[in-house]
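Heads up, final36.cif below (mmCIF, N, CA and C atoms):
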```
data_input
#
loop_
_atom_site.label_atom_id
_atom_site.label_comp_id
_atom_site.auth_asym_id
_atom_site.auth_seq_id
_atom_site.Cartn_x
_atom_site.Cartn_y
_atom_site.Cartn_z
N MET E 853 -16.97 14.74 -8.52
CA MET E 853 -16.75 14.08 -7.25
C MET E 853 -15.54 14.69 -6.51
N ARG E 854 -14.47 14.94 -7.26
CA ARG E 854 -13.26 15.47 -6.62
C ARG E 854 -13.53 16.83 -5.96
N LYS E 855 -14.32 17.68 -6.64
CA LYS E 855 -14.62 18.99 -6.06
C LYS E 855 -15.36 18.83 -4.73
N ARG E 856 -16.27 17.88 -4.65
CA ARG E 856 -16.98 17.67 -3.40
C ARG E 856 -16.04 17.20 -2.29
N LEU E 857 -15.08 16.34 -2.64
CA LEU E 857 -14.10 15.90 -1.65
C LEU E 857 -13.23 17.06 -1.20
N ASP E 858 -12.82 17.92 -2.15
CA ASP E 858 -12.04 19.11 -1.81
C ASP E 858 -12.84 20.01 -0.88
N ASP E 859 -14.10 20.23 -1.22
CA ASP E 859 -14.96 21.09 -0.39
C ASP E 859 -15.09 20.50 1.02
N PHE E 860 -15.27 19.19 1.09
CA PHE E 860 -15.39 18.54 2.40
C PHE E 860 -14.11 18.70 3.20
N ALA E 861 -12.96 18.50 2.56
CA ALA E 861 -11.67 18.63 3.25
C ALA E 861 -11.49 20.03 3.82
N ARG E 862 -11.84 21.05 3.02
CA ARG E 862 -11.71 22.43 3.50
C ARG E 862 -12.71 22.72 4.62
N TRP E 863 -13.90 22.13 4.54
CA TRP E 863 -14.91 22.36 5.57
C TRP E 863 -14.52 21.68 6.88
N VAL E 864 -14.03 20.42 6.81
CA VAL E 864 -13.78 19.65 8.01
C VAL E 864 -12.47 20.03 8.71
N ALA E 865 -11.48 20.53 7.97
CA ALA E 865 -10.14 20.80 8.54
C ALA E 865 -10.19 21.65 9.80
N PRO E 866 -10.91 22.77 9.83
CA PRO E 866 -10.90 23.57 11.06
C PRO E 866 -11.83 23.02 12.15
N ARG E 867 -12.61 21.98 11.84
CA ARG E 867 -13.60 21.47 12.79
C ARG E 867 -13.16 20.20 13.52
N ARG E 868 -12.09 19.58 13.05
CA ARG E 868 -11.63 18.33 13.64
C ARG E 868 -10.19 18.45 14.11
N GLU E 869 -9.77 17.53 14.96
CA GLU E 869 -8.38 17.47 15.41
C GLU E 869 -7.49 17.19 14.21
N VAL E 870 -6.28 17.69 14.26
CA VAL E 870 -5.33 17.53 13.16
C VAL E 870 -5.11 16.05 12.83
N GLU E 871 -4.99 15.20 13.85
CA GLU E 871 -4.76 13.78 13.62
C GLU E 871 -5.89 13.17 12.80
N TRP E 872 -7.13 13.56 13.09
CA TRP E 872 -8.28 13.05 12.35
C TRP E 872 -8.21 13.50 10.90
N VAL E 873 -7.89 14.77 10.68
CA VAL E 873 -7.80 15.31 9.31
C VAL E 873 -6.70 14.58 8.54
N LEU E 874 -5.54 14.39 9.16
CA LEU E 874 -4.45 13.70 8.47
C LEU E 874 -4.83 12.27 8.14
N SER E 875 -5.52 11.61 9.05
CA SER E 875 -5.97 10.24 8.78
C SER E 875 -6.92 10.22 7.59
N MET E 876 -7.85 11.17 7.53
CA MET E 876 -8.79 11.24 6.42
C MET E 876 -8.05 11.49 5.11
N LEU E 877 -7.06 12.36 5.14
CA LEU E 877 -6.37 12.75 3.91
C LEU E 877 -5.58 11.61 3.29
N GLN E 878 -5.13 10.67 4.11
CA GLN E 878 -4.36 9.59 3.52
C GLN E 878 -5.23 8.68 2.65
N TYR E 879 -6.53 8.74 2.81
CA TYR E 879 -7.43 7.90 2.01
C TYR E 879 -8.19 8.67 0.95
N MET E 880 -8.05 9.98 0.95
CA MET E 880 -8.86 10.82 0.09
C MET E 880 -8.04 11.37 -1.07
N SER E 881 -8.59 11.30 -2.25
CA SER E 881 -7.97 11.93 -3.41
C SER E 881 -8.25 13.42 -3.33
N MET E 882 -7.26 14.25 -3.70
CA MET E 882 -7.49 15.69 -3.64
C MET E 882 -6.80 16.39 -4.80
N SER E 883 -7.30 17.53 -5.13
CA SER E 883 -6.75 18.30 -6.24
C SER E 883 -5.44 18.97 -5.82
N PRO E 884 -4.62 19.37 -6.79
CA PRO E 884 -3.40 20.12 -6.46
C PRO E 884 -3.71 21.39 -5.68
N TRP E 885 -4.80 22.04 -5.97
CA TRP E 885 -5.18 23.27 -5.27
C TRP E 885 -5.37 22.98 -3.78
N THR E 886 -6.09 21.90 -3.47
CA THR E 886 -6.32 21.54 -2.08
C THR E 886 -5.02 21.14 -1.40
N GLN E 887 -4.15 20.42 -2.11
CA GLN E 887 -2.84 20.07 -1.56
C GLN E 887 -2.07 21.33 -1.18
N GLU E 888 -2.07 22.33 -2.06
CA GLU E 888 -1.37 23.59 -1.76
C GLU E 888 -1.98 24.30 -0.57
N GLU E 889 -3.30 24.28 -0.48
CA GLU E 889 -3.96 24.92 0.65
C GLU E 889 -3.57 24.23 1.97
N LEU E 890 -3.49 22.91 1.96
CA LEU E 890 -3.09 22.19 3.16
C LEU E 890 -1.63 22.48 3.51
N LYS E 891 -0.77 22.60 2.51
CA LYS E 891 0.62 22.97 2.77
C LYS E 891 0.70 24.32 3.46
N ARG E 892 -0.12 25.27 2.98
CA ARG E 892 -0.14 26.60 3.61
C ARG E 892 -0.67 26.50 5.05
N ARG E 893 -1.67 25.69 5.24
CA ARG E 893 -2.28 25.56 6.57
C ARG E 893 -1.29 24.96 7.57
N PHE E 894 -0.44 24.04 7.10
CA PHE E 894 0.50 23.37 7.99
C PHE E 894 1.92 23.93 7.84
N ALA E 895 2.04 25.14 7.34
CA ALA E 895 3.35 25.78 7.17
C ALA E 895 3.92 26.17 8.53
N ARG E 896 5.20 26.49 8.54
CA ARG E 896 5.86 26.93 9.78
C ARG E 896 5.08 28.08 10.41
N SER E 897 5.14 28.12 11.73
CA SER E 897 4.44 29.17 12.47
C SER E 897 5.42 29.88 13.39
N ASP E 898 5.18 31.16 13.61
CA ASP E 898 5.98 31.93 14.56
C ASP E 898 5.54 31.64 16.00
N ASP E 899 4.36 31.07 16.16
CA ASP E 899 3.85 30.73 17.48
C ASP E 899 4.53 29.44 17.94
N PRO E 900 5.29 29.47 19.04
CA PRO E 900 6.04 28.28 19.48
C PRO E 900 5.15 27.07 19.77
N GLU E 901 3.95 27.29 20.31
CA GLU E 901 3.05 26.17 20.61
C GLU E 901 2.55 25.51 19.33
N ILE E 902 2.16 26.31 18.36
CA ILE E 902 1.69 25.77 17.09
C ILE E 902 2.83 25.05 16.38
N GLU E 903 4.00 25.66 16.39
CA GLU E 903 5.16 25.04 15.73
C GLU E 903 5.52 23.72 16.40
N ALA E 904 5.44 23.64 17.71
CA ALA E 904 5.73 22.39 18.42
C ALA E 904 4.74 21.30 18.04
N ARG E 905 3.46 21.65 17.92
CA ARG E 905 2.45 20.67 17.50
C ARG E 905 2.70 20.22 16.07
N ARG E 906 3.04 21.17 15.19
CA ARG E 906 3.31 20.85 13.79
C ARG E 906 4.50 19.89 13.68
N GLN E 907 5.55 20.16 14.43
CA GLN E 907 6.72 19.30 14.40
C GLN E 907 6.40 17.92 14.99
N GLY E 908 5.54 17.88 15.99
CA GLY E 908 5.10 16.60 16.54
C GLY E 908 4.38 15.76 15.50
N ILE E 909 3.54 16.42 14.72
CA ILE E 909 2.82 15.73 13.65
C ILE E 909 3.82 15.19 12.62
N LEU E 910 4.77 16.02 12.25
CA LEU E 910 5.78 15.58 11.28
C LEU E 910 6.57 14.38 11.81
N ARG E 911 6.96 14.43 13.08
CA ARG E 911 7.71 13.30 13.68
C ARG E 911 6.87 12.02 13.63
N THR E 912 5.59 12.14 13.95
CA THR E 912 4.71 10.98 13.92
C THR E 912 4.61 10.41 12.51
N LEU E 913 4.42 11.29 11.54
CA LEU E 913 4.31 10.83 10.14
C LEU E 913 5.61 10.17 9.68
N LEU E 914 6.75 10.77 10.04
CA LEU E 914 8.04 10.19 9.64
C LEU E 914 8.31 8.87 10.34
N ALA E 915 7.88 8.74 11.58
CA ALA E 915 8.07 7.48 12.30
C ALA E 915 7.29 6.35 11.63
N ASP E 916 6.16 6.70 11.04
CA ASP E 916 5.34 5.70 10.35
C ASP E 916 5.77 5.48 8.90
N SER E 917 6.73 6.28 8.42
CA SER E 917 7.21 6.18 7.04
C SER E 917 8.73 6.20 7.01
N PRO E 918 9.37 5.12 7.46
CA PRO E 918 10.83 5.13 7.53
C PRO E 918 11.50 5.34 6.17
N GLU E 919 10.85 4.89 5.10
CA GLU E 919 11.44 5.09 3.78
C GLU E 919 11.46 6.56 3.38
N VAL E 920 10.45 7.30 3.77
CA VAL E 920 10.43 8.74 3.49
C VAL E 920 11.46 9.44 4.36
N LYS E 921 11.57 9.04 5.62
CA LYS E 921 12.56 9.63 6.51
C LYS E 921 13.96 9.42 5.95
N GLU E 922 14.26 8.21 5.50
CA GLU E 922 15.58 7.91 4.93
C GLU E 922 15.83 8.74 3.66
N GLU E 923 14.81 8.90 2.84
CA GLU E 923 14.93 9.70 1.62
C GLU E 923 15.26 11.16 1.96
N LEU E 924 14.60 11.70 2.97
CA LEU E 924 14.86 13.08 3.38
C LEU E 924 16.26 13.24 3.96
N ILE E 925 16.70 12.26 4.72
CA ILE E 925 18.06 12.30 5.27
C ILE E 925 19.07 12.28 4.13
N GLU E 926 18.84 11.39 3.17
CA GLU E 926 19.76 11.29 2.03
C GLU E 926 19.80 12.59 1.23
N GLU E 927 18.64 13.20 1.01
CA GLU E 927 18.60 14.48 0.30
C GLU E 927 19.40 15.54 1.05
N GLY E 928 19.27 15.57 2.37
CA GLY E 928 20.02 16.53 3.17
C GLY E 928 21.51 16.30 3.09
N GLN E 929 21.92 15.04 3.11
CA GLN E 929 23.34 14.72 2.99
C GLN E 929 23.89 15.12 1.63
N LEU E 930 23.12 14.89 0.58
CA LEU E 930 23.55 15.31 -0.76
C LEU E 930 23.69 16.82 -0.84
N THR E 931 22.74 17.53 -0.26
CA THR E 931 22.79 19.00 -0.25
C THR E 931 24.03 19.49 0.49
N GLU E 932 24.32 18.90 1.63
CA GLU E 932 25.50 19.29 2.41
C GLU E 932 26.79 18.99 1.65
N ALA E 933 26.85 17.83 0.99
CA ALA E 933 28.06 17.46 0.24
C ALA E 933 28.27 18.41 -0.93
N ARG E 934 27.19 18.79 -1.60
CA ARG E 934 27.32 19.75 -2.71
C ARG E 934 27.81 21.10 -2.20
N ALA E 935 27.27 21.53 -1.06
CA ALA E 935 27.69 22.82 -0.48
C ALA E 935 29.15 22.78 -0.07
N ALA E 936 29.60 21.68 0.52
CA ALA E 936 31.01 21.56 0.92
C ALA E 936 31.92 21.62 -0.31
N LEU E 937 31.54 20.94 -1.36
CA LEU E 937 32.32 20.96 -2.60
C LEU E 937 32.42 22.38 -3.16
N ARG E 938 31.30 23.06 -3.21
CA ARG E 938 31.31 24.45 -3.70
C ARG E 938 32.16 25.36 -2.82
N THR E 939 32.11 25.15 -1.51
CA THR E 939 32.91 25.97 -0.59
C THR E 939 34.39 25.77 -0.85
N VAL E 940 34.83 24.53 -0.98
CA VAL E 940 36.25 24.27 -1.24
C VAL E 940 36.67 24.90 -2.57
N LEU E 941 35.87 24.71 -3.60
CA LEU E 941 36.21 25.28 -4.91
C LEU E 941 36.28 26.81 -4.83
N ALA E 942 35.33 27.42 -4.14
CA ALA E 942 35.31 28.88 -4.03
C ALA E 942 36.50 29.39 -3.23
N ARG E 943 36.82 28.74 -2.13
CA ARG E 943 37.96 29.17 -1.30
C ARG E 943 39.28 29.04 -2.05
N ARG E 944 39.32 28.09 -2.97
CA ARG E 944 40.53 27.91 -3.76
C ARG E 944 40.54 28.82 -5.00
N GLY E 945 39.45 29.57 -5.20
CA GLY E 945 39.37 30.47 -6.34
C GLY E 945 39.11 29.76 -7.65
N LEU E 946 38.51 28.57 -7.59
CA LEU E 946 38.22 27.79 -8.80
C LEU E 946 36.77 28.02 -9.19
N ALA E 947 36.57 28.79 -10.25
CA ALA E 947 35.23 29.18 -10.67
C ALA E 947 34.50 28.02 -11.34
N LEU E 948 33.20 27.98 -11.13
CA LEU E 948 32.36 26.96 -11.74
C LEU E 948 31.59 27.56 -12.92
N SER E 949 31.66 26.89 -14.04
CA SER E 949 30.86 27.29 -15.20
C SER E 949 29.42 26.82 -14.95
N PRO E 950 28.46 27.33 -15.71
CA PRO E 950 27.09 26.84 -15.55
C PRO E 950 26.98 25.32 -15.76
N ALA E 951 27.78 24.79 -16.69
CA ALA E 951 27.75 23.34 -16.94
C ALA E 951 28.25 22.57 -15.71
N LEU E 952 29.30 23.08 -15.07
CA LEU E 952 29.81 22.40 -13.88
C LEU E 952 28.85 22.54 -12.70
N GLU E 953 28.21 23.69 -12.59
CA GLU E 953 27.17 23.87 -11.56
C GLU E 953 26.07 22.83 -11.75
N ALA E 954 25.64 22.66 -13.00
CA ALA E 954 24.59 21.68 -13.30
C ALA E 954 25.07 20.26 -13.00
N GLN E 955 26.33 19.99 -13.26
CA GLN E 955 26.90 18.67 -12.98
C GLN E 955 26.85 18.38 -11.48
N ILE E 956 27.20 19.37 -10.68
CA ILE E 956 27.15 19.19 -9.22
C ILE E 956 25.70 19.01 -8.76
N ASP E 957 24.81 19.87 -9.25
CA ASP E 957 23.40 19.79 -8.86
C ASP E 957 22.77 18.46 -9.26
N GLY E 958 23.21 17.91 -10.39
CA GLY E 958 22.62 16.68 -10.90
C GLY E 958 23.17 15.41 -10.27
N CYS E 959 24.24 15.54 -9.52
CA CYS E 959 24.86 14.35 -8.93
C CYS E 959 24.07 13.88 -7.71
N VAL E 960 23.63 12.64 -7.75
CA VAL E 960 22.89 12.05 -6.63
C VAL E 960 23.65 10.86 -6.03
N ASP E 961 24.92 10.77 -6.34
CA ASP E 961 25.76 9.67 -5.86
C ASP E 961 26.75 10.20 -4.83
N MET E 962 26.56 9.83 -3.57
CA MET E 962 27.40 10.35 -2.50
C MET E 962 28.88 10.02 -2.68
N PRO E 963 29.24 8.79 -3.06
CA PRO E 963 30.66 8.51 -3.28
C PRO E 963 31.30 9.42 -4.34
N THR E 964 30.55 9.74 -5.39
CA THR E 964 31.08 10.65 -6.42
C THR E 964 31.30 12.04 -5.83
N LEU E 965 30.35 12.54 -5.07
CA LEU E 965 30.52 13.86 -4.45
C LEU E 965 31.71 13.87 -3.50
N HIS E 966 31.90 12.80 -2.75
CA HIS E 966 33.06 12.73 -1.84
C HIS E 966 34.37 12.71 -2.64
N ARG E 967 34.39 11.95 -3.74
CA ARG E 967 35.59 11.92 -4.59
C ARG E 967 35.88 13.30 -5.15
N TRP E 968 34.86 13.99 -5.64
CA TRP E 968 35.05 15.34 -6.18
C TRP E 968 35.56 16.29 -5.10
N LEU E 969 35.04 16.15 -3.90
CA LEU E 969 35.47 17.01 -2.80
C LEU E 969 36.96 16.79 -2.51
N GLU E 970 37.38 15.55 -2.45
CA GLU E 970 38.80 15.26 -2.22
C GLU E 970 39.66 15.79 -3.36
N GLN E 971 39.19 15.65 -4.58
CA GLN E 971 39.94 16.13 -5.74
C GLN E 971 40.00 17.65 -5.76
N ALA E 972 38.95 18.30 -5.24
CA ALA E 972 38.89 19.76 -5.23
C ALA E 972 39.97 20.37 -4.36
N VAL E 973 40.46 19.63 -3.40
CA VAL E 973 41.49 20.14 -2.49
C VAL E 973 42.80 20.42 -3.23
N THR E 974 43.11 19.61 -4.25
CA THR E 974 44.41 19.75 -4.93
C THR E 974 44.31 20.03 -6.43
N ALA E 975 43.12 20.01 -6.99
CA ALA E 975 42.96 20.16 -8.43
C ALA E 975 43.41 21.54 -8.92
N ALA E 976 43.94 21.56 -10.14
CA ALA E 976 44.40 22.82 -10.74
C ALA E 976 43.21 23.66 -11.21
N GLY E 977 42.10 23.04 -11.50
CA GLY E 977 40.93 23.76 -11.96
C GLY E 977 39.65 23.00 -11.57
N ALA E 978 38.52 23.66 -11.68
CA ALA E 978 37.25 23.05 -11.30
C ALA E 978 36.94 21.85 -12.18
N GLU E 979 37.26 21.93 -13.46
CA GLU E 979 37.01 20.81 -14.38
C GLU E 979 37.76 19.57 -13.91
N GLU E 980 39.00 19.77 -13.49
CA GLU E 980 39.82 18.64 -13.02
C GLU E 980 39.23 18.04 -11.73
N ALA E 981 38.68 18.87 -10.89
CA ALA E 981 38.10 18.39 -9.64
C ALA E 981 36.88 17.50 -9.89
N LEU E 982 36.16 17.77 -10.96
CA LEU E 982 34.89 17.06 -11.21
C LEU E 982 35.04 15.96 -12.25
N THR E 983 36.21 15.35 -12.32
CA THR E 983 36.39 14.23 -13.27
C THR E 983 36.24 12.92 -12.56
#
```
Can you turn what I pasted into structure tokens?
Amino acid sequence: MRKRLDDFARWVAPRREVEWVLSMLQYMSMSPWTQEELKRRFARSDDPEIEARRQGILRTLLADSPEVKEELIEEGQLTEARAALRTVLARRGLALSPALEAQIDGCVDMPTLHRWLEQAVTAAGAEEALT
């Protein structure tokens, strides 16, 4: 049954409006292969018109999924905080061991990352900054 649904999804995608296809997909089970194919189909485009439509679709989907939007924002903030911490440590010449790199990558608590960043400004070593 799943193969037939995958075949139908691939057949219908170029024949219907994107909104119709997306609506269908939210109710249809699909294989990982089909999911990857759809990701490729909706990947970034160098064509400004196609990219504008793709971004419009993403905005619509995010507007209907505030919890996903918030999760993406939080992930971006964590990524930025980790990068800022690494920048301060690097500018101060404080090298990170693989274990400390993993500790930074594994941290999903924004207050902890902020505390580490503040400590990195004056810490004698990277280990001290990440306590």
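Here atom N of Phe860 (chain E) stands at a distance of 17.7 Å from CA of Phe894 (chain E).
A straight line drawn from atom C of Leu913 (chain E) to atom C of Asp957 (chain E) is 26.9 Å long.
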Counting all atoms listed in the file, closest pick from E:Arg906, E:Ala972, E:Met962, E:Ser949 relative to Leu937 (chain E) is E:Ala972
If you count only C-alpha atoms, which residues fall within 12 Å of Glu871 (chain E), apart from same-chain ones fewer than 6 positions away, as a ChimeraX atom specification? /E:865,877-878,905-906,908-910,912-913
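Candidate residues E:Ser883, E:Val870, E:Glu980, E:Met876 were compared for distance to Asp858 (chain E), and the nearest is E:Ser883, using all atoms listed in the file.
Between Leu946 (chain E) and the residues E:Ala978, E:Val960, E:Leu930, E:Ile925, the shortest atom-to-atom distance, using all atoms listed in the file, involves E:Ala978.
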